[in-house]
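Text of query-v7.tsv (TSV, C-alpha atoms) as supplied:
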```tsv
chain	number	residue	atom	x	y	z
P	1	MET	CA	7.68	14.53	0.78
P	2	GLU	CA	11.07	13.07	-0.04
P	3	LYS	CA	12.66	15.61	2.28
P	4	ALA	CA	10.30	14.65	5.09
P	5	ILE	CA	11.17	10.97	4.69
P	6	VAL	CA	14.90	11.75	4.73
P	7	LEU	CA	14.50	13.92	7.83
P	8	ALA	CA	12.49	11.22	9.58
P	9	GLY	CA	15.10	8.63	8.65
P	10	SER	CA	17.86	10.88	9.98
P	11	ALA	CA	16.03	11.37	13.27
P	12	ILE	CA	15.45	7.63	13.68
P	13	GLY	CA	19.07	6.98	12.79
P	14	ALA	CA	20.22	9.50	15.39
P	15	GLY	CA	18.12	7.71	18.00
P	16	LEU	CA	19.50	4.33	16.99
P	17	ALA	CA	23.06	5.68	17.07
P	18	MET	CA	22.62	6.62	20.72
P	19	ILE	CA	22.11	2.93	21.57
P	20	ALA	CA	25.91	2.98	21.52
P	21	GLY	CA	25.62	4.53	24.97
P	22	VAL	CA	24.68	1.15	26.45
P	23	GLY	CA	28.15	-0.32	26.01
P	24	PRO	CA	30.16	2.31	27.88
P	25	GLY	CA	27.53	2.28	30.62
P	26	ILE	CA	28.01	-1.42	31.25
P	27	GLY	CA	31.78	-1.13	30.89
P	28	GLU	CA	32.13	1.78	33.27
P	29	GLY	CA	29.86	0.14	35.82
P	30	TYR	CA	31.99	-2.98	35.70
P	31	ALA	CA	35.18	-0.95	36.07
P	32	ALA	CA	33.74	1.00	39.00
P	33	GLY	CA	32.68	-2.22	40.71
P	34	LYS	CA	36.15	-3.67	40.32
P	35	ALA	CA	37.65	-0.43	41.65
P	36	CYS	CA	35.42	-0.69	44.73
P	37	GLU	CA	36.65	-4.25	45.27
P	38	ALA	CA	40.25	-3.11	44.88
P	39	VAL	CA	39.82	-0.28	47.39
P	40	GLY	CA	38.11	-2.69	49.78
P	41	ARG	CA	41.03	-5.06	49.54
P	42	GLN	CA	43.75	-2.42	49.67
P	43	PRO	CA	42.44	0.83	51.17
P	44	GLU	CA	45.93	2.34	51.10
P	45	ALA	CA	45.99	2.18	47.27
P	46	ARG	CA	42.87	4.31	47.07
P	47	SER	CA	44.33	7.31	45.23
P	48	THR	CA	46.05	5.20	42.57
P	49	VAL	CA	42.92	3.13	42.01
P	50	THR	CA	40.75	6.22	41.72
P	51	SER	CA	42.97	7.95	39.18
P	52	THR	CA	43.26	4.76	37.14
P	53	LEU	CA	39.49	4.35	37.30
P	54	ILE	CA	38.83	7.87	36.05
P	55	LEU	CA	41.32	7.43	33.22
P	56	GLY	CA	39.82	4.07	32.25
P	57	CYS	CA	36.26	5.38	32.43
P	58	ALA	CA	37.09	8.31	30.20
P	59	LEU	CA	38.68	5.95	27.72
P	60	ALA	CA	35.72	3.59	27.83
P	61	GLU	CA	33.37	6.48	27.13
P	62	THR	CA	34.94	6.93	23.70
P	63	THR	CA	32.86	4.28	21.94
P	64	GLY	CA	29.66	5.82	23.22
P	65	LEU	CA	30.84	9.24	22.12
P	66	TYR	CA	31.39	7.97	18.59
P	67	GLY	CA	27.69	7.14	18.52
P	68	PHE	CA	26.98	10.62	19.86
P	69	VAL	CA	29.03	12.22	17.09
P	70	VAL	CA	27.10	10.23	14.49
P	71	ALA	CA	23.82	11.31	16.06
P	72	LEU	CA	24.93	14.95	16.09
P	73	ILE	CA	25.89	14.79	12.43
P	74	LEU	CA	22.58	13.18	11.50
P	75	MET	CA	20.57	15.76	13.44
P	76	PHE	CA	22.35	19.03	12.72
P	77	VAL	CA	24.32	18.52	9.52
P	78	ASN	CA	21.69	16.46	7.62
P	79	PRO	CA	24.15	14.90	5.15
P	80	PHE	CA	21.46	12.93	3.29
P	81	ILE	CA	19.37	15.93	2.28
P	82	GLY	CA	22.01	16.82	-0.29
P	83	LYS	CA	21.80	13.37	-1.80
P	84	LEU	CA	18.21	13.84	-3.02
M	1	MET	CA	11.51	25.75	22.12
M	2	ASP	CA	13.91	27.83	20.18
M	3	PHE	CA	17.56	27.02	20.37
M	4	SER	CA	20.14	26.15	17.81
M	5	ILE	CA	23.47	24.43	17.90
M	6	THR	CA	25.90	26.16	15.59
M	7	GLY	CA	29.59	25.98	14.96
M	8	ALA	CA	31.99	28.86	15.34
M	9	LYS	CA	30.90	32.10	13.72
M	10	ILE	CA	33.08	33.44	10.92
M	11	TYR	CA	34.13	37.01	11.68
M	12	TYR	CA	36.12	37.74	8.57
M	13	THR	CA	37.43	35.87	5.55
M	14	ILE	CA	40.87	36.82	4.32
M	15	PRO	CA	40.34	37.36	0.60
M	16	GLY	CA	42.58	35.62	-1.90
M	17	ILE	CA	43.51	32.55	0.16
M	18	ASN	CA	39.93	32.25	1.43
M	19	PHE	CA	41.02	31.75	5.03
M	20	PRO	CA	38.20	32.28	7.52
M	21	ILE	CA	38.91	33.98	10.84
M	22	THR	CA	36.46	32.21	13.16
M	23	GLN	CA	35.49	32.59	16.78
M	24	THR	CA	37.65	29.56	17.49
M	25	ILE	CA	40.81	31.25	16.23
M	26	VAL	CA	40.13	34.52	18.03
M	27	ASN	CA	39.25	32.83	21.32
M	28	ALA	CA	42.20	30.43	21.07
M	29	TRP	CA	44.49	33.44	20.75
M	30	ILE	CA	42.81	35.03	23.77
M	31	ALA	CA	43.42	31.81	25.73
M	32	MET	CA	47.06	31.80	24.63
M	33	ILE	CA	47.49	35.43	25.69
M	34	VAL	CA	45.95	34.61	29.07
M	35	ILE	CA	48.31	31.66	29.59
M	36	VAL	CA	51.38	33.65	28.56
M	37	ALA	CA	50.36	36.55	30.80
M	38	VAL	CA	49.86	34.21	33.77
M	39	CYS	CA	53.23	32.58	33.11
M	40	ILE	CA	55.01	35.93	32.93
M	41	TRP	CA	53.27	37.11	36.08
M	42	LEU	CA	54.14	33.91	37.96
M	43	THR	CA	57.81	33.96	37.02
M	44	ARG	CA	58.55	37.64	37.70
M	45	ASP	CA	61.64	38.27	39.89
M	46	LEU	CA	62.36	34.70	40.95
M	47	GLN	CA	64.71	34.06	43.83
M	48	VAL	CA	66.85	31.07	44.74
M	49	HIS	CA	64.80	30.51	47.88
M	50	ALA	CA	61.12	31.03	47.30
M	51	ARG	CA	59.89	33.97	49.38
M	52	THR	CA	56.63	34.86	47.65
M	53	LYS	CA	53.51	32.72	47.37
M	54	ARG	CA	53.61	33.38	43.65
M	55	GLN	CA	56.95	31.67	43.24
M	56	ILE	CA	55.83	28.70	45.34
M	57	VAL	CA	52.81	28.23	43.08
M	58	ALA	CA	55.03	28.47	39.99
M	59	GLU	CA	57.45	25.89	41.40
M	60	MET	CA	54.56	23.59	42.29
M	61	LEU	CA	53.20	23.74	38.74
M	62	VAL	CA	56.59	23.09	37.14
M	63	ASN	CA	57.29	20.21	39.52
M	64	ALA	CA	53.88	18.68	38.81
M	65	ALA	CA	54.53	18.84	35.06
M	66	ASN	CA	58.00	17.33	35.48
M	67	ASP	CA	56.67	14.50	37.65
M	68	LEU	CA	53.87	13.77	35.17
M	69	ILE	CA	56.34	13.34	32.31
M	70	LYS	CA	58.81	11.36	34.39
M	71	SER	CA	56.24	8.91	35.71
M	72	ASN	CA	54.62	8.31	32.32
M	73	MET	CA	57.45	8.52	29.79
M	74	GLY	CA	60.49	7.67	31.89
M	75	GLU	CA	63.82	9.46	32.14
M	76	GLY	CA	65.30	11.44	29.28
M	77	TRP	CA	62.05	13.01	28.06
M	78	SER	CA	62.31	16.27	29.95
M	79	GLY	CA	62.23	18.15	26.63
M	80	TYR	CA	58.58	17.20	26.39
M	81	VAL	CA	57.54	18.99	29.56
M	82	PRO	CA	56.79	22.31	27.78
M	83	PHE	CA	54.83	20.61	25.00
M	84	ILE	CA	52.64	18.51	27.29
M	85	ALA	CA	52.16	21.39	29.74
M	86	ALA	CA	51.22	23.69	26.87
M	87	ILE	CA	48.54	21.33	25.54
M	88	LEU	CA	47.22	20.69	29.04
M	89	SER	CA	47.01	24.34	30.05
M	90	MET	CA	45.65	25.43	26.67
M	91	SER	CA	42.88	22.85	26.83
M	92	VAL	CA	41.93	23.62	30.42
M	93	VAL	CA	41.93	27.39	29.90
M	94	SER	CA	39.89	27.14	26.71
M	95	SER	CA	37.35	24.82	28.33
M	96	PHE	CA	36.99	27.15	31.29
M	97	MET	CA	36.49	30.08	28.93
M	98	GLY	CA	33.08	28.56	28.28
M	99	LEU	CA	32.11	29.41	31.87
M	100	THR	CA	32.32	33.13	31.11
M	101	GLY	CA	29.82	32.72	28.27
M	102	ALA	CA	32.40	33.12	25.53
M	103	TYR	CA	32.62	30.57	22.73
M	104	SER	CA	35.17	28.06	23.94
M	105	PRO	CA	37.71	26.93	21.32
M	106	THR	CA	37.25	23.39	22.62
M	107	ASN	CA	33.75	23.34	21.12
M	108	ASP	CA	35.38	23.10	17.71
M	109	LEU	CA	36.70	19.86	16.23
M	110	ASN	CA	39.40	21.77	14.33
M	111	THR	CA	41.23	22.63	17.55
M	112	PHE	CA	41.55	18.99	18.51
M	113	LEU	CA	42.38	17.87	14.99
M	114	ALA	CA	45.28	20.32	14.99
M	115	TRP	CA	46.59	18.97	18.30
M	116	ALA	CA	46.09	15.37	17.23
M	117	LEU	CA	47.95	16.05	13.98
M	118	ILE	CA	50.94	17.37	15.94
M	119	VAL	CA	50.87	14.18	18.02
M	120	PHE	CA	50.61	12.07	14.87
M	121	VAL	CA	53.64	13.81	13.35
M	122	LEU	CA	55.57	13.24	16.58
M	123	ILE	CA	54.66	9.54	16.68
M	124	THR	CA	55.70	9.03	13.06
M	125	TYR	CA	58.90	11.02	13.59
M	126	TYR	CA	59.94	8.87	16.53
M	127	LYS	CA	59.05	5.65	14.75
M	128	ILE	CA	61.24	6.61	11.78
M	129	LYS	CA	64.00	7.96	14.02
M	130	THR	CA	64.33	4.82	16.15
M	131	ASN	CA	63.90	2.15	13.51
M	132	GLY	CA	64.87	3.82	10.25
M	133	ILE	CA	62.56	4.51	7.34
M	134	GLY	CA	62.92	1.04	5.84
M	135	LYS	CA	61.80	-0.70	9.00
M	136	TYR	CA	59.02	1.86	9.47
M	137	LEU	CA	57.58	1.10	6.03
M	138	LYS	CA	58.07	-2.60	6.61
M	139	SER	CA	56.08	-2.43	9.87
M	140	TYR	CA	52.98	-1.79	7.76
M	141	THR	CA	53.24	-5.26	6.25
M	142	GLU	CA	53.28	-7.03	9.62
M	143	PRO	CA	52.32	-9.79	10.21
M	144	ILE	CA	51.58	-10.48	6.53
M	145	PHE	CA	51.48	-8.30	3.44
M	146	VAL	CA	47.69	-8.46	3.11
M	147	MET	CA	47.29	-6.57	6.39
M	148	ALA	CA	48.79	-3.35	4.98
M	149	PRO	CA	45.45	-1.50	4.50
M	150	MET	CA	44.41	-2.45	8.03
M	151	ASN	CA	47.67	-1.10	9.42
M	152	VAL	CA	47.25	2.17	7.53
M	153	VAL	CA	43.71	2.53	8.91
M	154	SER	CA	44.84	1.81	12.46
M	155	GLU	CA	47.63	4.37	12.10
M	156	ILE	CA	45.16	7.05	10.99
M	157	ALA	CA	42.66	6.02	13.64
M	158	THR	CA	45.03	7.07	16.43
M	159	PRO	CA	44.86	10.85	15.90
M	160	VAL	CA	41.24	10.74	14.77
M	161	SER	CA	40.11	8.90	17.88
M	162	MET	CA	42.13	11.21	20.12
M	163	ALA	CA	40.58	14.28	18.55
M	164	LEU	CA	37.05	12.87	18.53
M	165	ARG	CA	37.25	11.67	22.13
M	166	HIS	CA	38.09	15.09	23.48
M	167	PHE	CA	35.74	16.93	21.14
M	168	ALA	CA	32.74	14.70	21.77
M	169	ASN	CA	33.19	14.88	25.53
M	170	ILE	CA	33.14	18.66	25.57
M	171	VAL	CA	30.41	19.03	22.96
M	172	SER	CA	28.13	16.45	24.58
M	173	GLY	CA	28.23	18.54	27.73
M	174	TYR	CA	27.47	21.66	25.73
M	175	VAL	CA	24.54	20.05	23.90
M	176	ILE	CA	23.07	18.56	27.07
M	177	SER	CA	23.33	21.93	28.85
M	178	LEU	CA	21.56	23.61	25.93
M	179	LEU	CA	18.79	20.99	25.87
M	180	LEU	CA	18.28	21.28	29.62
M	181	TYR	CA	18.23	25.07	29.38
M	182	ALA	CA	15.52	24.98	26.70
M	183	ALA	CA	13.53	22.35	28.62
M	184	LEU	CA	13.68	24.38	31.85
M	185	GLY	CA	12.41	27.41	29.98
M	186	ALA	CA	9.44	25.45	28.65
M	187	VAL	CA	8.65	23.94	32.07
M	188	SER	CA	8.75	27.28	33.85
M	189	LYS	CA	6.40	28.69	31.21
M	190	LEU	CA	3.97	25.84	31.92
M	191	LEU	CA	4.19	26.35	35.68
M	192	LEU	CA	3.78	30.12	35.67
M	193	PHE	CA	1.05	30.54	33.05
M	194	TRP	CA	-1.39	31.91	35.68
M	195	LEU	CA	0.75	34.99	36.44
M	196	PRO	CA	-0.45	38.18	34.74
M	197	GLY	CA	1.24	39.74	31.76
M	198	ALA	CA	5.00	39.68	31.30
M	199	LEU	CA	5.56	38.01	34.68
M	200	SER	CA	4.61	34.61	33.27
M	201	SER	CA	7.34	34.77	30.64
M	202	ILE	CA	10.17	35.01	33.17
M	203	PRO	CA	11.99	31.64	33.06
M	204	VAL	CA	12.52	31.22	36.81
M	205	LEU	CA	13.77	27.65	36.59
M	206	GLN	CA	16.59	28.63	34.25
M	207	VAL	CA	18.32	30.38	37.14
M	208	GLY	CA	20.86	28.24	38.94
M	209	ILE	CA	19.90	24.74	37.87
M	210	PRO	CA	22.01	24.61	34.66
M	211	ALA	CA	25.00	25.75	36.70
M	212	VAL	CA	25.05	22.42	38.52
M	213	LEU	CA	25.40	20.57	35.22
M	214	ASN	CA	28.05	23.03	34.09
M	215	VAL	CA	30.14	22.20	37.13
M	216	TYR	CA	30.24	18.59	36.00
M	217	PHE	CA	30.57	19.10	32.27
M	218	THR	CA	32.95	22.03	32.20
M	219	CYS	CA	34.93	21.64	35.39
M	220	PHE	CA	35.17	17.84	35.58
M	221	SER	CA	35.21	16.91	31.88
M	222	GLY	CA	37.28	19.97	31.11
M	223	LEU	CA	39.95	18.79	33.53
M	224	VAL	CA	39.86	15.03	32.98
M	225	GLN	CA	39.80	15.03	29.19
M	226	PRO	CA	42.92	17.21	28.69
M	227	TYR	CA	44.67	14.95	31.18
M	228	ILE	CA	43.69	11.89	29.15
M	229	PHE	CA	44.74	13.55	25.91
M	230	CYS	CA	48.16	14.24	27.41
M	231	MET	CA	48.42	10.74	28.90
M	232	LEU	CA	47.72	9.20	25.50
M	233	THR	CA	50.19	11.56	23.81
M	234	MET	CA	52.90	10.58	26.25
M	235	GLN	CA	52.12	6.88	25.95
M	236	PHE	CA	52.06	6.90	22.15
M	237	VAL	CA	55.23	8.95	21.77
M	238	ALA	CA	57.16	6.93	24.34
M	239	GLN	CA	55.93	3.73	22.71
M	240	ALA	CA	56.98	4.92	19.26
M	241	ALA	CA	60.49	5.63	20.49
M	242	GLU	CA	60.97	2.04	21.71
M	243	ALA	CA	63.01	0.01	19.27
M	244	ASP	CA	61.42	-3.16	18.01
```
Take the structure in the file and write it out as structure tokens.
Amino acid sequence: MEKAIVLAGSAIGAGLAMIAGVGPGIGEGYAAGKACEAVGRQPEARSTVTSTLILGCALAETTGLYGFVVALILMFVNPFIGKL
Amino acid sequence: MDFSITGAKIYYTIPGINFPITQTIVNAWIAMIVIVAVCIWLTRDLQVHARTKRQIVAEMLVNAANDLIKSNMGEGWSGYVPFIAAILSMSVVSSFMGLTGAYSPTNDLNTFLAWALIVFVLITYYKIKTNGIGKYLKSYTEPIFVMAPMNVVSEIATPVSMALRHFANIVSGYVISLLLYAALGAVSKLLLFWLPGALSSIPVLQVGIPAVLNVYFTCFSGLVQPYIFCMLTMQFVAQAAEAD
């Protein structure tokens, strides 16, 4: 019974941790929109803007990936089972 | 659905020091051998004026690495070209090893922690070298003495975040591919239940569709993330070498 409760809590926690994916989504969308504006204004700077955008997007993803790592640990490592 | 997400398998544990030889280590060595072999093959009998396609490709690669360092770190860092190029090629080759079905060393956090530790040592080395050890220790108490624990945490966070960023990007692709693969198997079972006998257990949908995802996760992430890792390395090291 205790184990079931801990497992359920871990699963819910993993789900909650993935809410972290919202932030990078908004951030990357904003960055992509700005990049579109920049390319529209200066089409000749397209390659620079694109590479900067990809770099920035990959950096912005990091916060979401931290949430993913936490979810992975909760789901597959089950650190709280040992605490019973 | 039956699938499991496991870490690297342990092939053999060296007794005495208790050092496990894992899939990661073996496959990382295979990747290194591949890179060295390609390098030796590319640079065989070089001439002053490139006559073979092989030499042109080799020159292109070296020039690209040189330009990358020069545009991101400035002049006088040409000694870093081999280091950055090594990390970049190692990461790309190991990620692409996953395409052949082998366990890719980039699925293991230890690989990235090792790289990030090297970068951390480099950063600290350059900070001490440019400003002296006294100033380096004093920089932890900026702006006021109370901030010292915060500064220590932010110093440690640099390599940890670099390692986790790369690791999580590759592993998220791996996990999503696995989940999709299992889901496609279940869906094709539901669709084909009316076929007689063993025919219904053939997972038709698993053919081809996961490859599309792999193109994004392995080929795109596997190229962009090493690039970002190297960019950050160059930025951090160049920043550390600037005198305050």
With a distance cut-off of 12 Å and only C-alpha atoms, select the neighbouring residues of Tyr140 of chain M, excluding the residue or stretch itself and same-chain residues fewer than 4 positions from it, and output the selection as a CSV table (one decimal) with C-alpha atoms, in the frame of the given file.
```csv
chain,number,residue,atom,x,y,z
M,127,LYS,CA,59.0,5.6,14.8
M,133,ILE,CA,62.6,4.5,7.3
M,134,GLY,CA,62.9,1.0,5.8
M,135,LYS,CA,61.8,-0.7,9.0
M,136,TYR,CA,59.0,1.9,9.5
M,144,ILE,CA,51.6,-10.5,6.5
M,145,PHE,CA,51.5,-8.3,3.4
M,146,VAL,CA,47.7,-8.5,3.1
M,147,MET,CA,47.3,-6.6,6.4
M,148,ALA,CA,48.8,-3.4,5.0
M,149,PRO,CA,45.4,-1.5,4.5
M,150,MET,CA,44.4,-2.4,8.0
M,151,ASN,CA,47.7,-1.1,9.4
M,152,VAL,CA,47.2,2.2,7.5
M,153,VAL,CA,43.7,2.5,8.9
M,154,SER,CA,44.8,1.8,12.5
M,155,GLU,CA,47.6,4.4,12.1
```
To one decimal in Å, tell me the separation between atom CA of Gly56 of chain P and atom CA of Gly25 of chain P.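 Distance reported for this atom pair: 12.5 Å.
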Per residue of chain P within 8 Å of chain M, note the shortest atom pair and the distance in Å to one decimal, counting all atoms listed in the file, and order the rows by chain and increasing residue number, as JSON lines.
```
{"residue": "P:Ile54", "atom": "CA", "partner": "M:Val224", "partner_atom": "CA", "distance": 7.9}
{"residue": "P:Leu55", "atom": "CA", "partner": "M:Ile228", "partner_atom": "CA", "distance": 6.5}
{"residue": "P:Ala58", "atom": "CA", "partner": "M:Gln225", "partner_atom": "CA", "distance": 7.3}
{"residue": "P:Leu59", "atom": "CA", "partner": "M:Ile228", "partner_atom": "CA", "distance": 7.9}
{"residue": "P:Thr62", "atom": "CA", "partner": "M:Arg165", "partner_atom": "CA", "distance": 5.5}
{"residue": "P:Leu65", "atom": "CA", "partner": "M:Ala168", "partner_atom": "CA", "distance": 5.8}
{"residue": "P:Tyr66", "atom": "CA", "partner": "M:Leu164", "partner_atom": "CA", "distance": 7.5}
{"residue": "P:Phe68", "atom": "CA", "partner": "M:Ala168", "partner_atom": "CA", "distance": 7.3}
{"residue": "P:Val69", "atom": "CA", "partner": "M:Ala168", "partner_atom": "CA", "distance": 6.5}
{"residue": "P:Phe76", "atom": "CA", "partner": "M:Ile5", "partner_atom": "CA", "distance": 7.6}
```
Store the residues picked out above in a file with C-alpha atoms, as a short mmCIF file (atom, residue, chain, number, x, y, z; two decimals), in the frame of the given file.
```
data_model
loop_
_atom_site.label_atom_id
_atom_site.label_comp_id
_atom_site.auth_asym_id
_atom_site.auth_seq_id
_atom_site.Cartn_x
_atom_site.Cartn_y
_atom_site.Cartn_z
CA ILE P 54 38.83 7.87 36.05
CA LEU P 55 41.32 7.43 33.22
CA ALA P 58 37.09 8.31 30.20
CA LEU P 59 38.68 5.95 27.72
CA THR P 62 34.94 6.93 23.70
CA LEU P 65 30.84 9.24 22.12
CA TYR P 66 31.39 7.97 18.59
CA PHE P 68 26.98 10.62 19.86
CA VAL P 69 29.03 12.22 17.09
CA PHE P 76 22.35 19.03 12.72
#
```
What lies within 12 Å of Ser10 of chain P using all atoms listed in the file, ignoring chain neighbours under 2 positions off, as number ranges by chain?
P: 3-8, 12-17, 70-81
Using C-alpha atoms, can you export the residues from the last selection as a short mmCIF file (atom, residue, chain, number, x, y, z; two decimals), in the frame of the given file?
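Below you can see again13.cif, which holds the result:
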```
data_model
loop_
_atom_site.label_atom_id
_atom_site.label_comp_id
_atom_site.auth_asym_id
_atom_site.auth_seq_id
_atom_site.Cartn_x
_atom_site.Cartn_y
_atom_site.Cartn_z
CA LYS P 3 12.66 15.61 2.28
CA ALA P 4 10.30 14.65 5.09
CA ILE P 5 11.17 10.97 4.69
CA VAL P 6 14.90 11.75 4.73
CA LEU P 7 14.50 13.92 7.83
CA ALA P 8 12.49 11.22 9.58
CA ILE P 12 15.45 7.63 13.68
CA GLY P 13 19.07 6.98 12.79
CA ALA P 14 20.22 9.50 15.39
CA GLY P 15 18.12 7.71 18.00
CA LEU P 16 19.50 4.33 16.99
CA ALA P 17 23.06 5.68 17.07
CA VAL P 70 27.10 10.23 14.49
CA ALA P 71 23.82 11.31 16.06
CA LEU P 72 24.93 14.95 16.09
CA ILE P 73 25.89 14.79 12.43
CA LEU P 74 22.58 13.18 11.50
CA MET P 75 20.57 15.76 13.44
CA PHE P 76 22.35 19.03 12.72
CA VAL P 77 24.32 18.52 9.52
CA ASN P 78 21.69 16.46 7.62
CA PRO P 79 24.15 14.90 5.15
CA PHE P 80 21.46 12.93 3.29
CA ILE P 81 19.37 15.93 2.28
#
```
*Take atom CA of Ala65 of chain M and atom CA of Asp45 of chain M and report the distance between them in Å, one decimal.*
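Separation between atom CA of Ala65 of chain M and atom CA of Asp45 of chain M: 21.2 Å.
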What is the distance, in Å and to one decimal place, between atom CA of Ser71 of chain M and atom CA of Ala86 of chain M?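 About the pair atom CA of Ser71 of chain M and atom CA of Ala86 of chain M: they are 17.9 Å apart.
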At a cut-off of 8 Å, using all atoms listed in the file, what residues contact Gln23 of chain M? Leave out same-chain residues fewer than 5 positions from it and give the result as a list in words. Ala8, Lys9, Ile10, Tyr11, Tyr103 and Pro105 of chain M
Measuring atom to atom with all atoms listed in the file, identify which of M:Ile25, M:Val212, M:Val62, M:Ala114 is nearest to Leu42 of chain M.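 Looking at the shortest contact to Leu42 of chain M, the residue is M:Val62.
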Polymer residues at most 9 Å from Leu68 of chain M, all atoms listed in the file, same-chain spacing of 5 or more positions, as a PDB file with C-alpha atoms, keeping the file's coordinate frame:
```pdb
ATOM      1  CA  ASN M  63      57.290  20.210  39.520  1.00  0.00           C
ATOM      2  CA  MET M  73      57.450   8.520  29.790  1.00  0.00           C
ATOM      3  CA  VAL M  81      57.540  18.990  29.560  1.00  0.00           C
ATOM      4  CA  MET M 231      48.420  10.740  28.900  1.00  0.00           C
TER       5      MET M 231
END
```
